[in-house]
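Visitor: Structure in structure tokens, see below.
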Amino acid sequence: MSSNGKPNPPPAAAAAAAAGNGAGGPPKMYQRPIYRPQAPAAKRRRGGRSSCRFSCCCCFFYAVLVVLLLAFVAAVAGGAFYLLYRPHRPAFTLSVARVDKLSLSSSATAPALTDSIDVTLTAKNPNKKLVYLYDDFAVTAATAANAVPLGEGSVPGFVHDAGNITVIKATVSASALGVDPTTAATDIKKSGEFTITLDLETKAGVKVGGLKTKKIGVLVHCEGIKVAAPAPPPPPAKKKKGGVKLSVADAPSPAASVDDTTPSPPPATTVARVCQVRIRVKIWKWTF
């Protein structure tokens with residue numbers, strides 16, 4: 001304490017005061033640094049993960065919303081199209097099936113099939129404003145019991161106008177086609193009737209006014225078709241030994257001679273089978 005009764009200042013404070021007074025300026029004030037709290041590292045990382053998770057959820061939500069909107073628009077457009085045009089599938093009916101030729105070799109290990117089957121179908125477009133555009137048809141036939149192939153054929157494509165009825169004629173044939181001996185012996189009958197199936201496969205599109213859709217696969221399947229093998233030709237007439245004298249009255253007419261030597265054509269099997277029209281959708285390697 002000094003002589004005048006005042007306490008003596010600390011040495012450091014006294015020196016700073018003396019230096020300030022000696023410079024002639026006001027004493028300097030001590031400024032405390034501003035405290036800025038820092039978030040822990042774990043909390044910062046947690047906040048980054050939550051923001052990333054939030055953004056992923058938002059992206060998923062918007063993607064689902066866009067898909068739902070597109071589905072809704074497609075449903076509305078499909079409903080409007082149906083109410084406006086009333087689309088119907090084409091109708092195919094098999095009317096005639098006839099076996100012109102049928103020959104199966106008697107080999108026990110590798111029998112060969114040679115045949116020819118004529119078929120006639122009727123295609124009807126029941127729509128009033130829709131036109132179908134068909135590519136070429138690939139026609140195949142097989143037995144109904146064990147699916148023994150009977151041959152194949154083709155039909156050129158055509159434009160099926162609205163309300164039009166088109167007659168389709170095709171020939172399914174095979175030449176020395178190797179078949180399974182067991183199933184062929186039971187399915188293919190050289191005498192009597194047996195049941196076959198017929199398939200016509202193509203691609204078809206729809207035309208509405210000036211608009212055309214993309215072509216998709218179409219399968220026309222006909223089943224339960226009963227056909228009969230053609231009758232064998234009659235044996236040739238035996239010639240009698242010695243000369244035969246015929247008078248003018250006994251001479252056979254040309255028509256009678258033709259009837260005796262030419263075999264009659266095989267009878268046509270008249271059927272009325274409504275065929276199924278199936279849409280074939282191909283996804284990568286699979287066809288449904």
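By order of appearance in the structure tokens: chains A, B, ..., then residues from 1 within every chain, and ligands from 1 in the order shown.
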With a distance cut-off of 8 Å and only C-alpha atoms, select the neighbouring residues of Thr195 (chain A), excluding the residue or stretch itself and same-chain residues fewer than 3 positions from it, and output the selection as a short mmCIF file (atom, residue, chain, number, x, y, z; two decimals) with N, CA and C atoms, in the first residue's frame.

Guide:
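Printed below is out-v2.cif as written:
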data_model
loop_
_atom_site.label_atom_id
_atom_site.label_comp_id
_atom_site.auth_asym_id
_atom_site.auth_seq_id
_atom_site.Cartn_x
_atom_site.Cartn_y
_atom_site.Cartn_z
N THR A 143 -50.91 -83.89 -84.90
CA THR A 143 -51.95 -84.74 -84.33
C THR A 143 -52.33 -84.23 -82.95
N ALA A 144 -53.58 -84.45 -82.58
CA ALA A 144 -54.07 -83.91 -81.31
C ALA A 144 -53.58 -84.71 -80.12
N ALA A 145 -53.36 -86.00 -80.27
CA ALA A 145 -53.02 -86.84 -79.12
C ALA A 145 -51.60 -86.60 -78.63
N GLY A 224 -59.53 -80.06 -82.40
CA GLY A 224 -60.69 -80.94 -82.55
C GLY A 224 -61.09 -81.17 -83.99
N ILE A 225 -60.13 -81.11 -84.93
CA ILE A 225 -60.43 -81.30 -86.35
C ILE A 225 -60.28 -82.78 -86.69
N LYS A 226 -61.34 -83.37 -87.14
CA LYS A 226 -61.30 -84.78 -87.51
C LYS A 226 -61.15 -84.91 -89.02
N VAL A 227 -60.12 -85.66 -89.43
CA VAL A 227 -59.86 -85.89 -90.85
C VAL A 227 -59.76 -87.39 -91.07
#

Visitor: Looking at A:Ala71, A:Ala229, A:Ala204, A:Leu219, which one is nearest to Val139 (chain A), with distances taken over only C-alpha atoms?

Guide: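 Nearest candidate to Val139 (chain A) out of A:Ala71, A:Ala229, A:Ala204, A:Leu219: A:Leu219.
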
Visitor: How many Å lie between CA of Lys207 (chain A) and CA of Leu130 (chain A), rounded to one decimal?

Guide: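 Separating CA of Lys207 (chain A) from CA of Leu130 (chain A) is a distance of 6.0 Å.
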
Visitor: Would you mind writing down, as a ChimeraX atom specification, each residue of region 148-245 of chain A that DSSP on the backbone assigns to strand (DSSP E)?

Guide: /A:149-155,159-160,165-178,193-208,211-212,216-228

Visitor: Do you have the CA of Leu211 (chain A)-CA of Thr166 (chain A) distance handy?

Guide: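 Calculated distance between CA of Leu211 (chain A) and CA of Thr166 (chain A) is 22.9 Å.
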
Visitor: If you run DSSP on this backbone, which residues of region 75-195 of chain A come out as alpha helix (DSSP H), and could you give them as a count of residues only?

Guide: 18

Visitor: Considering only C-alpha atoms, return as a ChimeraX atom specification whatever protein or nucleic-acid residues lie within 10 Å of Lys128 (chain A), sequence-local ones (same chain, fewer than 6 positions apart) excluded.

Guide: /A:85-88,161-164

Visitor: Taking only C-alpha atoms into account, name the residue in A:Gly192, A:His221, A:Asp187, A:Ala75 that is nearest to Ala138 (chain A).

Guide: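 Smallest separation from Ala138 (chain A) among the options: A:His221.
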
Visitor: Which of these, A:Val206, A:Cys56, A:Val274, A:Ala142, has the shortest distance to Ser95 (chain A) once you count only C-alpha atoms?

Guide: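 Ranked by minimum distance to Ser95 (chain A), first place goes to A:Val274.
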